[in-house]
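Colleague: So that you have it, the file is coords19.pdb, and it contains PDB, C-alpha atoms, pLDDT in the B column:
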ATOM      1  CA  MET A 394    -108.727   6.618 -44.655  1.00 82.00           C
ATOM      2  CA  GLU A 395    -106.007   9.252 -45.151  1.00 91.00           C
ATOM      3  CA  ASN A 396    -104.658   8.614 -41.659  1.00 93.00           C
ATOM      4  CA  LEU A 397    -104.575   4.864 -42.301  1.00 93.00           C
ATOM      5  CA  GLN A 398    -102.559   5.325 -45.488  1.00 92.00           C
ATOM      6  CA  THR A 399    -100.046   7.446 -43.583  1.00 93.00           C
ATOM      7  CA  VAL A 400     -99.767   4.936 -40.731  1.00 92.00           C
ATOM      8  CA  ARG A 401     -99.072   2.123 -43.201  1.00 90.00           C
ATOM      9  CA  LYS A 402     -95.972   3.957 -44.463  1.00 85.00           C
ATOM     10  CA  SER A 403     -94.380   4.159 -41.017  1.00 86.00           C
ATOM     11  CA  LEU A 404     -91.417   1.980 -40.085  1.00 77.00           C
ATOM     12  CA  LEU A 405     -92.581   2.054 -36.475  1.00 79.00           C
ATOM     13  CA  PHE A 406     -95.800   0.266 -37.399  1.00 82.00           C
ATOM     14  CA  SER A 407     -94.365  -2.102 -39.998  1.00 77.00           C
ATOM     15  CA  GLY A 408     -95.467  -5.674 -39.328  1.00 72.00           C
ATOM     16  CA  VAL A 409     -98.497  -4.536 -37.343  1.00 78.00           C
ATOM     17  CA  ASP A 410    -101.748  -6.292 -38.283  1.00 80.00           C
ATOM     18  CA  GLN A 411    -104.407  -4.417 -40.266  1.00 86.00           C
ATOM     19  CA  GLU A 412    -106.802  -4.486 -37.294  1.00 84.00           C
ATOM     20  CA  TYR A 413    -104.336  -2.591 -35.100  1.00 84.00           C
ATOM     21  CA  LEU A 414    -103.333  -0.212 -37.887  1.00 88.00           C
ATOM     22  CA  GLU A 415    -106.963   0.860 -38.144  1.00 91.00           C
ATOM     23  CA  GLN A 416    -107.111   1.448 -34.384  1.00 91.00           C
ATOM     24  CA  ILE A 417    -103.901   3.486 -34.509  1.00 92.00           C
ATOM     25  CA  ALA A 418    -105.235   5.594 -37.370  1.00 95.00           C
ATOM     26  CA  ALA A 419    -108.486   6.174 -35.481  1.00 95.00           C
ATOM     27  CA  ILE A 420    -106.783   7.856 -32.503  1.00 95.00           C
ATOM     28  CA  ALA A 421    -104.438  10.019 -34.624  1.00 96.00           C
ATOM     29  CA  HIS A 422    -104.994  13.749 -35.063  1.00 96.00           C
ATOM     30  CA  ARG A 423    -103.795  15.304 -38.319  1.00 97.00           C
ATOM     31  CA  ARG A 424    -102.032  18.650 -37.996  1.00 96.00           C
ATOM     32  CA  SER A 425    -100.532  21.033 -40.541  1.00 97.00           C
ATOM     33  CA  PHE A 426     -97.418  23.069 -39.808  1.00 97.00           C
ATOM     34  CA  ALA A 427     -95.566  25.877 -41.548  1.00 96.00           C
ATOM     35  CA  LYS A 428     -91.884  26.244 -42.318  1.00 92.00           C
ATOM     36  CA  GLY A 429     -90.169  27.484 -39.153  1.00 92.00           C
ATOM     37  CA  GLU A 430     -93.114  26.599 -36.923  1.00 96.00           C
ATOM     38  CA  THR A 431     -92.327  24.950 -33.573  1.00 96.00           C
ATOM     39  CA  LEU A 432     -94.336  21.794 -32.945  1.00 96.00           C
ATOM     40  CA  PHE A 433     -93.075  21.505 -29.376  1.00 95.00           C
ATOM     41  CA  ALA A 434     -90.297  23.087 -27.323  1.00 93.00           C
ATOM     42  CA  GLU A 435     -87.627  21.469 -25.172  1.00 91.00           C
ATOM     43  CA  GLY A 436     -89.067  20.782 -21.733  1.00 91.00           C
ATOM     44  CA  ASP A 437     -92.720  20.794 -22.810  1.00 93.00           C
ATOM     45  CA  PRO A 438     -94.828  17.953 -21.374  1.00 92.00           C
ATOM     46  CA  ALA A 439     -94.661  14.926 -23.699  1.00 91.00           C
ATOM     47  CA  VAL A 440     -98.373  14.563 -24.287  1.00 92.00           C
ATOM     48  CA  GLY A 441     -97.890  12.350 -27.343  1.00 92.00           C
ATOM     49  CA  PHE A 442     -95.654  11.570 -30.294  1.00 92.00           C
ATOM     50  CA  TYR A 443     -95.698  12.316 -34.015  1.00 95.00           C
ATOM     51  CA  LEU A 444     -95.575  10.665 -37.420  1.00 95.00           C
ATOM     52  CA  LEU A 445     -94.457  12.871 -40.295  1.00 95.00           C
ATOM     53  CA  ASP A 446     -96.673  12.520 -43.363  1.00 95.00           C
ATOM     54  CA  ARG A 447     -95.129  15.178 -45.608  1.00 93.00           C
ATOM     55  CA  GLY A 448     -92.693  18.046 -45.312  1.00 91.00           C
ATOM     56  CA  GLY A 449     -89.661  18.064 -43.024  1.00 89.00           C
ATOM     57  CA  VAL A 450     -89.014  18.449 -39.303  1.00 93.00           C
ATOM     58  CA  LYS A 451     -85.767  18.893 -37.393  1.00 90.00           C
ATOM     59  CA  LEU A 452     -85.170  17.987 -33.761  1.00 89.00           C
ATOM     60  CA  CYS A 453     -82.715  20.394 -32.182  1.00 88.00           C
ATOM     61  CA  LYS A 454     -81.382  21.780 -28.930  1.00 85.00           C
ATOM     62  CA  ILE A 455     -80.608  25.449 -28.303  1.00 81.00           C
ATOM     63  CA  SER A 456     -77.549  26.268 -26.206  1.00 77.00           C
ATOM     64  CA  PRO A 457     -77.626  29.075 -23.588  1.00 79.00           C
ATOM     65  CA  ASP A 458     -75.764  31.347 -26.024  1.00 79.00           C
ATOM     66  CA  GLY A 459     -78.357  30.731 -28.731  1.00 76.00           C
ATOM     67  CA  ARG A 460     -76.482  28.226 -30.882  1.00 77.00           C
ATOM     68  CA  GLU A 461     -78.517  25.444 -32.446  1.00 78.00           C
ATOM     69  CA  LYS A 462     -77.479  21.795 -32.487  1.00 78.00           C
ATOM     70  CA  VAL A 463     -79.507  19.623 -34.844  1.00 79.00           C
ATOM     71  CA  LEU A 464     -80.027  16.127 -33.440  1.00 79.00           C
ATOM     72  CA  HIS A 465     -82.093  14.606 -36.208  1.00 80.00           C
ATOM     73  CA  PHE A 466     -84.060  15.416 -39.353  1.00 82.00           C
ATOM     74  CA  ALA A 467     -87.336  13.520 -39.639  1.00 87.00           C
ATOM     75  CA  HIS A 468     -88.514  12.523 -43.110  1.00 84.00           C
ATOM     76  CA  PRO A 469     -91.972  11.412 -44.289  1.00 89.00           C
ATOM     77  CA  GLY A 470     -92.870   8.035 -42.817  1.00 89.00           C
ATOM     78  CA  GLU A 471     -90.746   8.575 -39.701  1.00 88.00           C
ATOM     79  CA  THR A 472     -91.989   9.008 -36.158  1.00 89.00           C
ATOM     80  CA  PHE A 473     -90.379  11.304 -33.617  1.00 90.00           C
ATOM     81  CA  ALA A 474     -90.650  12.081 -29.888  1.00 89.00           C
ATOM     82  CA  GLU A 475     -91.293   8.414 -29.028  1.00 81.00           C
ATOM     83  CA  ALA A 476     -88.424   8.417 -26.524  1.00 73.00           C
ATOM     84  CA  ALA A 477     -89.994  11.241 -24.538  1.00 73.00           C
ATOM     85  CA  PHE A 478     -93.377   9.575 -24.828  1.00 70.00           C
ATOM     86  CA  PHE A 479     -92.092   6.430 -23.112  1.00 71.00           C
ATOM     87  CA  GLY A 480     -89.535   8.236 -20.938  1.00 69.00           C
ATOM     88  CA  ASP A 481     -89.673  10.933 -18.270  1.00 70.00           C
ATOM     89  CA  GLY A 482     -92.645  12.724 -19.760  1.00 80.00           C
ATOM     90  CA  ARG A 483     -90.926  15.798 -21.209  1.00 88.00           C
ATOM     91  CA  TYR A 484     -89.598  16.517 -24.677  1.00 90.00           C
ATOM     92  CA  PRO A 485     -85.765  16.645 -24.523  1.00 87.00           C
ATOM     93  CA  ALA A 486     -85.466  18.811 -27.647  1.00 90.00           C
ATOM     94  CA  GLU A 487     -87.381  21.209 -29.874  1.00 93.00           C
ATOM     95  CA  ALA A 488     -89.194  20.114 -33.038  1.00 95.00           C
ATOM     96  CA  ARG A 489     -89.396  22.690 -35.815  1.00 94.00           C
ATOM     97  CA  GLY A 490     -90.606  22.556 -39.406  1.00 94.00           C
ATOM     98  CA  VAL A 491     -87.908  22.922 -42.062  1.00 88.00           C
ATOM     99  CA  GLU A 492     -90.515  22.823 -44.817  1.00 88.00           C
ATOM    100  CA  ALA A 493     -94.300  23.023 -44.531  1.00 94.00           C
ATOM    101  CA  GLY A 494     -96.141  19.746 -44.152  1.00 95.00           C
ATOM    102  CA  GLU A 495     -98.437  17.585 -42.053  1.00 97.00           C
ATOM    103  CA  VAL A 496     -98.009  15.242 -39.105  1.00 97.00           C
ATOM    104  CA  LEU A 497    -100.172  12.749 -37.298  1.00 97.00           C
ATOM    105  CA  PHE A 498    -100.238  13.278 -33.539  1.00 97.00           C
ATOM    106  CA  PHE A 499    -100.832  10.301 -31.246  1.00 95.00           C
ATOM    107  CA  PRO A 500    -102.100  11.327 -27.786  1.00 94.00           C
ATOM    108  CA  ARG A 501    -100.334   9.565 -24.931  1.00 90.00           C
ATOM    109  CA  GLU A 502    -103.418   8.314 -23.095  1.00 90.00           C
ATOM    110  CA  SER A 503    -105.144   6.954 -26.185  1.00 93.00           C
ATOM    111  CA  PHE A 504    -102.011   5.202 -27.437  1.00 90.00           C
ATOM    112  CA  MET A 505    -101.235   3.687 -24.036  1.00 88.00           C
ATOM    113  CA  GLY A 506    -104.794   2.375 -23.982  1.00 89.00           C
ATOM    114  CA  LEU A 507    -104.125   0.498 -27.241  1.00 86.00           C
ATOM    115  CA  LEU A 508    -100.982  -1.072 -25.781  1.00 83.00           C
ATOM    116  CA  GLU A 509    -102.795  -2.177 -22.635  1.00 84.00           C
ATOM    117  CA  ARG A 510    -105.693  -3.750 -24.526  1.00 81.00           C
ATOM    118  CA  ASN A 511    -103.594  -5.514 -27.164  1.00 77.00           C
ATOM    119  CA  PRO A 512    -100.516  -7.416 -25.851  1.00 74.00           C
ATOM    120  CA  ARG A 513     -99.779  -8.765 -29.356  1.00 71.00           C
ATOM    121  CA  PHE A 514     -99.688  -5.245 -30.705  1.00 72.00           C
ATOM    122  CA  SER A 515     -97.233  -4.333 -27.942  1.00 76.00           C
ATOM    123  CA  LEU A 516     -94.873  -7.121 -29.068  1.00 75.00           C
ATOM    124  CA  ASN A 517     -95.054  -5.975 -32.693  1.00 68.00           C
ATOM    125  CA  LEU A 518     -94.263  -2.449 -31.570  1.00 70.00           C
ATOM    126  CA  ILE A 519     -91.208  -3.625 -29.619  1.00 76.00           C
ATOM    127  CA  VAL A 520     -89.857  -5.281 -32.782  1.00 72.00           C
ATOM    128  CA  SER A 521     -90.387  -2.103 -34.778  1.00 64.00           C
ATOM    129  CA  LEU A 522     -88.688   0.016 -32.110  1.00 70.00           C
ATOM    130  CA  SER A 523     -85.698  -2.313 -32.178  1.00 74.00           C
ATOM    131  CA  LEU A 524     -85.333  -1.665 -35.923  1.00 67.00           C
ATOM    132  CA  LEU A 525     -85.318   2.066 -35.248  1.00 65.00           C
ATOM    133  CA  LEU A 526     -82.643   1.628 -32.574  1.00 71.00           C
ATOM    134  CA  ARG A 527     -80.458  -0.275 -35.039  1.00 73.00           C
ATOM    135  CA  ARG A 528     -80.751   2.557 -37.523  1.00 65.00           C
ATOM    136  CA  PHE A 529     -79.696   5.134 -34.939  1.00 65.00           C
ATOM    137  CA  ALA A 530     -76.840   2.872 -33.841  1.00 66.00           C
ATOM    138  CA  ARG A 531     -75.559   2.929 -37.424  1.00 64.00           C
ATOM    139  CA  GLN A 532     -75.761   6.717 -37.449  1.00 62.00           C
ATOM    140  CA  ILE A 533     -73.788   6.912 -34.198  1.00 62.00           C
ATOM    141  CA  GLU A 534     -71.174   4.584 -35.670  1.00 60.00           C
ATOM    142  CA  GLU A 535     -70.836   6.832 -38.704  1.00 56.00           C
ATOM    143  CA  LEU A 536     -70.345   9.896 -36.508  1.00 56.00           C
ATOM    144  CA  SER A 537     -67.816   8.068 -34.326  1.00 55.00           C
ATOM    145  CA  PHE A 538     -65.626   6.399 -36.930  1.00 53.00           C
ATOM    146  CA  ALA A 539     -66.136   8.074 -40.303  1.00 66.00           C
ATOM    147  CA  GLU A 540     -64.406  11.189 -41.535  1.00 85.00           C
ATOM    148  CA  VAL A 541     -66.586  14.077 -42.710  1.00 86.00           C
ATOM    149  CA  PRO A 542     -66.213  13.292 -46.453  1.00 89.00           C
ATOM    150  CA  ASN A 543     -67.401   9.738 -45.743  1.00 88.00           C
ATOM    151  CA  ARG A 544     -70.377  11.017 -43.767  1.00 86.00           C
ATOM    152  CA  LEU A 545     -71.198  13.479 -46.527  1.00 90.00           C
ATOM    153  CA  ALA A 546     -71.004  10.709 -49.135  1.00 91.00           C
ATOM    154  CA  ALA A 547     -73.369   8.507 -47.103  1.00 88.00           C
ATOM    155  CA  TYR A 548     -75.818  11.382 -46.710  1.00 87.00           C
ATOM    156  CA  LEU A 549     -75.775  12.218 -50.434  1.00 91.00           C
ATOM    157  CA  ILE A 550     -76.464   8.587 -51.318  1.00 90.00           C
ATOM    158  CA  GLU A 551     -79.378   8.419 -48.865  1.00 84.00           C
ATOM    159  CA  LEU A 552     -80.760  11.698 -50.234  1.00 86.00           C
ATOM    160  CA  ALA A 553     -80.347  10.509 -53.827  1.00 87.00           C
ATOM    161  CA  GLU A 554     -82.365   7.386 -53.040  1.00 83.00           C
ATOM    162  CA  ARG A 555     -85.208   9.532 -51.773  1.00 76.00           C
ATOM    163  CA  ARG A 556     -85.380  12.537 -54.063  1.00 72.00           C
ATOM    164  CA  SER A 557     -82.993  12.619 -57.008  1.00 69.00           C
ATOM    165  CA  THR A 558     -83.474  12.874 -60.767  1.00 79.00           C
ATOM    166  CA  THR A 559     -81.232  10.766 -63.018  1.00 77.00           C
ATOM    167  CA  PHE A 560     -80.190  11.909 -66.483  1.00 72.00           C
ATOM    168  CA  GLN A 561     -77.426  10.497 -68.693  1.00 71.00           C
ATOM    169  CA  GLY A 562     -75.869   8.541 -65.851  1.00 77.00           C
ATOM    170  CA  ARG A 563     -75.820  11.453 -63.414  1.00 86.00           C
ATOM    171  CA  SER A 564     -78.016  11.996 -60.358  1.00 88.00           C
ATOM    172  CA  TYR A 565     -79.323  15.499 -59.719  1.00 90.00           C
ATOM    173  CA  LEU A 566     -80.524  16.371 -56.224  1.00 90.00           C
ATOM    174  CA  ASP A 567     -81.306  19.476 -54.204  1.00 87.00           C
ATOM    175  CA  LEU A 568     -80.065  19.724 -50.641  1.00 86.00           C
ATOM    176  CA  GLU A 569     -83.038  19.657 -48.286  1.00 77.00           C
ATOM    177  CA  MET A 570     -81.435  21.947 -45.704  1.00 78.00           C
ATOM    178  CA  LYS A 571     -79.000  24.822 -45.412  1.00 80.00           C
ATOM    179  CA  LYS A 572     -75.334  23.864 -45.311  1.00 82.00           C
ATOM    180  CA  GLY A 573     -75.071  25.029 -41.697  1.00 81.00           C
ATOM    181  CA  GLU A 574     -77.882  22.646 -40.759  1.00 79.00           C
ATOM    182  CA  LEU A 575     -76.296  19.873 -42.791  1.00 84.00           C
ATOM    183  CA  ALA A 576     -72.999  20.399 -40.977  1.00 84.00           C
ATOM    184  CA  SER A 577     -74.813  19.997 -37.668  1.00 76.00           C
ATOM    185  CA  ARG A 578     -76.596  16.912 -38.986  1.00 75.00           C
ATOM    186  CA  LEU A 579     -73.227  15.362 -39.883  1.00 81.00           C
ATOM    187  CA  GLY A 580     -71.637  16.283 -36.564  1.00 77.00           C
ATOM    188  CA  THR A 581     -69.217  18.895 -37.899  1.00 81.00           C
ATOM    189  CA  VAL A 582     -68.942  22.634 -38.621  1.00 81.00           C
ATOM    190  CA  SER A 583     -69.611  24.588 -41.810  1.00 86.00           C
ATOM    191  CA  GLU A 584     -65.939  25.155 -42.677  1.00 89.00           C
ATOM    192  CA  THR A 585     -65.139  21.434 -42.463  1.00 90.00           C
ATOM    193  CA  LEU A 586     -68.230  20.560 -44.494  1.00 91.00           C
ATOM    194  CA  SER A 587     -67.188  23.024 -47.195  1.00 92.00           C
ATOM    195  CA  ARG A 588     -63.792  21.319 -47.396  1.00 92.00           C
ATOM    196  CA  ALA A 589     -65.526  17.944 -47.732  1.00 92.00           C
ATOM    197  CA  PHE A 590     -67.644  19.239 -50.610  1.00 94.00           C
ATOM    198  CA  ARG A 591     -64.523  20.657 -52.228  1.00 93.00           C
ATOM    199  CA  LYS A 592     -62.685  17.342 -51.841  1.00 92.00           C
ATOM    200  CA  LEU A 593     -65.476  15.385 -53.554  1.00 94.00           C
ATOM    201  CA  LYS A 594     -65.651  17.996 -56.295  1.00 93.00           C
ATOM    202  CA  GLU A 595     -61.896  17.976 -56.934  1.00 93.00           C
ATOM    203  CA  GLU A 596     -61.959  14.188 -57.214  1.00 93.00           C
ATOM    204  CA  GLY A 597     -64.671  14.425 -59.885  1.00 94.00           C
ATOM    205  CA  ILE A 598     -67.234  12.607 -57.754  1.00 94.00           C
ATOM    206  CA  ILE A 599     -69.727  15.473 -57.574  1.00 93.00           C
ATOM    207  CA  GLU A 600     -70.432  18.919 -58.939  1.00 93.00           C
ATOM    208  CA  VAL A 601     -72.054  21.661 -56.871  1.00 91.00           C
ATOM    209  CA  GLU A 602     -74.281  24.444 -58.197  1.00 88.00           C
ATOM    210  CA  GLY A 603     -75.615  26.397 -55.230  1.00 86.00           C
ATOM    211  CA  SER A 604     -77.917  24.063 -53.327  1.00 85.00           C
ATOM    212  CA  ARG A 605     -77.926  21.532 -56.172  1.00 89.00           C
ATOM    213  CA  VAL A 606     -75.531  18.598 -56.143  1.00 92.00           C
ATOM    214  CA  ILE A 607     -74.797  16.508 -59.222  1.00 93.00           C
ATOM    215  CA  ILE A 608     -73.418  13.042 -58.548  1.00 93.00           C
ATOM    216  CA  CYS A 609     -71.033  12.290 -61.409  1.00 93.00           C
ATOM    217  CA  ASP A 610     -69.546   9.037 -60.084  1.00 92.00           C
ATOM    218  CA  MET A 611     -71.989   7.072 -57.956  1.00 91.00           C
ATOM    219  CA  LYS A 612     -69.607   4.096 -57.727  1.00 91.00           C
ATOM    220  CA  ALA A 613     -66.852   6.227 -56.197  1.00 93.00           C
ATOM    221  CA  LEU A 614     -69.326   7.952 -53.883  1.00 92.00           C
ATOM    222  CA  THR A 615     -70.622   4.582 -52.667  1.00 91.00           C
ATOM    223  CA  ALA A 616     -67.074   3.351 -52.042  1.00 91.00           C
ATOM    224  CA  LEU A 617     -66.315   6.471 -50.013  1.00 89.00           C
ATOM    225  CA  ALA A 618     -69.514   6.125 -47.987  1.00 86.00           C
ATOM    226  CA  SER A 619     -68.754   2.504 -47.100  1.00 81.00           C
ATOM    227  CA  SER A 620     -65.270   3.362 -45.839  1.00 74.00           C
ATOM    228  CA  THR A 621     -65.430   4.287 -42.139  1.00 54.00           C
ATOM    229  CA  ALA A 622     -61.776   4.079 -41.178  1.00 42.00           C
ATOM    230  CA  LYS A 623     -60.240   7.320 -40.048  1.00 42.00           C
ATOM    231  CA  GLY A 624     -57.218   8.287 -41.991  1.00 39.00           C
TER     232      GLY A 624
END
Mind turning the file's structure into structure tokens?

Modeller:
Amino acid sequence: MENLQTVRKSLLFSGVDQEYLEQIAAIAHRRSFAKGETLFAEGDPAVGFYLLDRGGVKLCKISPDGREKVLHFAHPGETFAEAAFFGDGRYPAEARGVEAGEVLFFPRESFMGLLERNPRFSLNLIVSLSLLLRRFARQIEELSFAEVPNRLAAYLIELAERRSTTFQGRSYLDLEMKKGELASRLGTVSETLSRAFRKLKEEGIIEVEGSRVIICDMKALTALASSTAKG
């Protein structure tokens, strides 16, 4: 029953009939992970994919000189490693816990068996995958056309929607990652990100207290996030 409740929250399986959701939940294996634990390494055989139930996971690549490039942060309800699952059979990046949590693991053979036995389920899954592709296309557009302050504003709004506390017209939220990781997530470097934070602070849009951000002017932050023109 716990697996079924987790599966229902996933965007990948949205629109899938109850009958198939139960079958998906039945083949899933629940796994706990610790902060900093590696779920799989780049180049490992893609023996299945994952659905994050709680906690946080980052997908990253490590350069030959040891530098880390974060490709994506997975949040509860999101799946990851599907591309490798349906691709060349190897994980193209490393998955590591940024905070302790639990995932559901879907073995390749069992999941492929569901697709083969249920053509209607396969069609529903294609629709769900297309929604995920649209979301990533929007992220690529942001990285291509938006300046760093705009990207930061969009991220803060998305984070506020998920995990903020509102008091007297202000939104209080704690950054879910280190600023170096956030810079990588936004496609920039730490120094540029610091300038973006400073810009928003000087304009009275936010206040920063360590890892806590206070959104003072949500309207201005939203306007900044929606502006993608480079200037």

Colleague: Counting all atoms listed in the file, which residue out of A:Leu575, A:Leu549, A:Leu397, A:Val450 sits closest to Glu412 in chain A?

Modeller: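 Using all atoms listed in the file, Glu412 in chain A sits closest to A:Leu397.
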
Colleague: Report the distance between CA of Pro485 in chain A and CA of Pro438 in chain A in Å, rounded to one decimal place.

Modeller: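 So the answer is 9.7 Å.
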
Colleague: Which residues, named as in the file, does the PyMOL selection byres ((chain A and resi 556) around 12) pick out? Answer as a PyMOL selection string.

Modeller: chain A and resi 468-469+549-555+557-559+564-569+605-606

Colleague: What residues come out when you apply the PyMOL selection byres ((chain A and resi 612) around 12) to this file, written as an mmCIF file with C-alpha atoms, in the coordinates of the input?

Modeller:
data_model
loop_
_atom_site.group_PDB
_atom_site.id
_atom_site.type_symbol
_atom_site.label_atom_id
_atom_site.label_comp_id
_atom_site.auth_asym_id
_atom_site.auth_seq_id
_atom_site.Cartn_x
_atom_site.Cartn_y
_atom_site.Cartn_z
ATOM 1 C CA ALA A 546 -71.004 10.709 -49.135
ATOM 2 C CA ILE A 550 -76.464 8.587 -51.318
ATOM 3 C CA GLY A 562 -75.869 8.541 -65.851
ATOM 4 C CA ARG A 563 -75.820 11.453 -63.414
ATOM 5 C CA SER A 564 -78.016 11.996 -60.358
ATOM 6 C CA GLY A 597 -64.671 14.425 -59.885
ATOM 7 C CA ILE A 598 -67.234 12.607 -57.754
ATOM 8 C CA ILE A 599 -69.727 15.473 -57.574
ATOM 9 C CA ILE A 608 -73.418 13.042 -58.548
ATOM 10 C CA CYS A 609 -71.033 12.290 -61.409
ATOM 11 C CA ASP A 610 -69.546 9.037 -60.084
ATOM 12 C CA MET A 611 -71.989 7.072 -57.956
ATOM 13 C CA ALA A 613 -66.852 6.227 -56.197
ATOM 14 C CA LEU A 614 -69.326 7.952 -53.883
ATOM 15 C CA THR A 615 -70.622 4.582 -52.667
ATOM 16 C CA ALA A 616 -67.074 3.351 -52.042
ATOM 17 C CA LEU A 617 -66.315 6.471 -50.013
ATOM 18 C CA ALA A 618 -69.514 6.125 -47.987
ATOM 19 C CA SER A 619 -68.754 2.504 -47.100
#

Colleague: Between A:Ala434, A:Thr585, A:Phe442, A:Leu516, which has the minimum distance to Ile455 in chain A (counting all atoms listed in the file)?

Modeller: A:Ala434

Colleague: Given only C-alpha atoms as the basis, pick out the residue of A:Cys453, A:Leu432, A:Val541, A:Ala488 nearest to Ser620 in chain A.

Modeller: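 Between A:Cys453, A:Leu432, A:Val541, A:Ala488, the residue approaching Ser620 in chain A most closely is A:Val541.
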
Colleague: Starting from the shown file, work through the PyMOL selection byres ((chain A and resi 493) around 7) and note down what comes out as JSON, numbers by chain.

Modeller: {"A": [426, 427, 428, 448, 449, 490, 491, 492, 494]}

Colleague: Just want the 9 Å neighbourhood of Phe590 in chain A, counted on all atoms listed in the file, with same-chain residues fewer than 4 positions away dropped. Output as a CSV table (one decimal) with C-alpha atoms, in the coordinates of the input.

Modeller:
chain,number,residue,atom,x,y,z
A,542,PRO,CA,-66.2,13.3,-46.5
A,545,LEU,CA,-71.2,13.5,-46.5
A,585,THR,CA,-65.1,21.4,-42.5
A,586,LEU,CA,-68.2,20.6,-44.5
A,594,LYS,CA,-65.7,18.0,-56.3
A,595,GLU,CA,-61.9,18.0,-56.9
A,599,ILE,CA,-69.7,15.5,-57.6
A,600,GLU,CA,-70.4,18.9,-58.9
A,601,VAL,CA,-72.1,21.7,-56.9

Colleague: Given the block above, output range 397-437 of chain A with C-alpha atoms as an mmCIF file, in the first residue's frame.

Modeller:
data_model
loop_
_atom_site.group_PDB
_atom_site.id
_atom_site.type_symbol
_atom_site.label_atom_id
_atom_site.label_comp_id
_atom_site.auth_asym_id
_atom_site.auth_seq_id
_atom_site.Cartn_x
_atom_site.Cartn_y
_atom_site.Cartn_z
ATOM 1 C CA LEU A 397 1.049 2.463 -4.323
ATOM 2 C CA GLN A 398 0.676 5.791 -2.531
ATOM 3 C CA THR A 399 4.147 6.803 -3.703
ATOM 4 C CA VAL A 400 3.470 5.756 -7.303
ATOM 5 C CA ARG A 401 0.275 7.826 -7.363
ATOM 6 C CA LYS A 402 2.275 10.990 -6.621
ATOM 7 C CA SER A 403 4.550 10.562 -9.636
ATOM 8 C CA LEU A 404 4.197 12.771 -12.700
ATOM 9 C CA LEU A 405 5.494 9.913 -14.831
ATOM 10 C CA PHE A 406 2.499 7.769 -13.910
ATOM 11 C CA SER A 407 -0.134 10.505 -13.914
ATOM 12 C CA GLY A 408 -3.147 9.479 -15.986
ATOM 13 C CA VAL A 409 -2.351 5.786 -15.605
ATOM 14 C CA ASP A 410 -5.338 3.621 -14.642
ATOM 15 C CA GLN A 411 -5.606 2.233 -11.102
ATOM 16 C CA GLU A 412 -5.138 -1.337 -12.369
ATOM 17 C CA TYR A 413 -1.739 -0.498 -13.861
ATOM 18 C CA LEU A 414 -0.700 1.621 -10.883
ATOM 19 C CA GLU A 415 -1.180 -1.426 -8.673
ATOM 20 C CA GLN A 416 0.956 -3.532 -11.020
ATOM 21 C CA ILE A 417 3.678 -0.873 -11.034
ATOM 22 C CA ALA A 418 3.658 -0.693 -7.242
ATOM 23 C CA ALA A 419 3.875 -4.485 -7.019
ATOM 24 C CA ILE A 420 7.193 -4.686 -8.904
ATOM 25 C CA ALA A 421 8.816 -1.748 -7.057
ATOM 26 C CA HIS A 422 11.495 -2.269 -4.416
ATOM 27 C CA ARG A 423 11.710 0.319 -1.639
ATOM 28 C CA ARG A 424 15.214 1.415 -0.676
ATOM 29 C CA SER A 425 16.535 3.833 1.934
ATOM 30 C CA PHE A 426 19.611 5.968 1.333
ATOM 31 C CA ALA A 427 21.769 8.241 3.459
ATOM 32 C CA LYS A 428 22.985 11.756 2.788
ATOM 33 C CA GLY A 429 26.029 11.501 0.514
ATOM 34 C CA GLU A 430 25.301 7.902 -0.457
ATOM 35 C CA THR A 431 25.732 6.970 -4.132
ATOM 36 C CA LEU A 432 22.731 5.160 -5.584
ATOM 37 C CA PHE A 433 24.544 4.421 -8.836
ATOM 38 C CA ALA A 434 27.729 5.622 -10.524
ATOM 39 C CA GLU A 435 28.290 6.913 -14.045
ATOM 40 C CA GLY A 436 28.789 3.963 -16.371
ATOM 41 C CA ASP A 437 27.057 1.396 -14.154
#
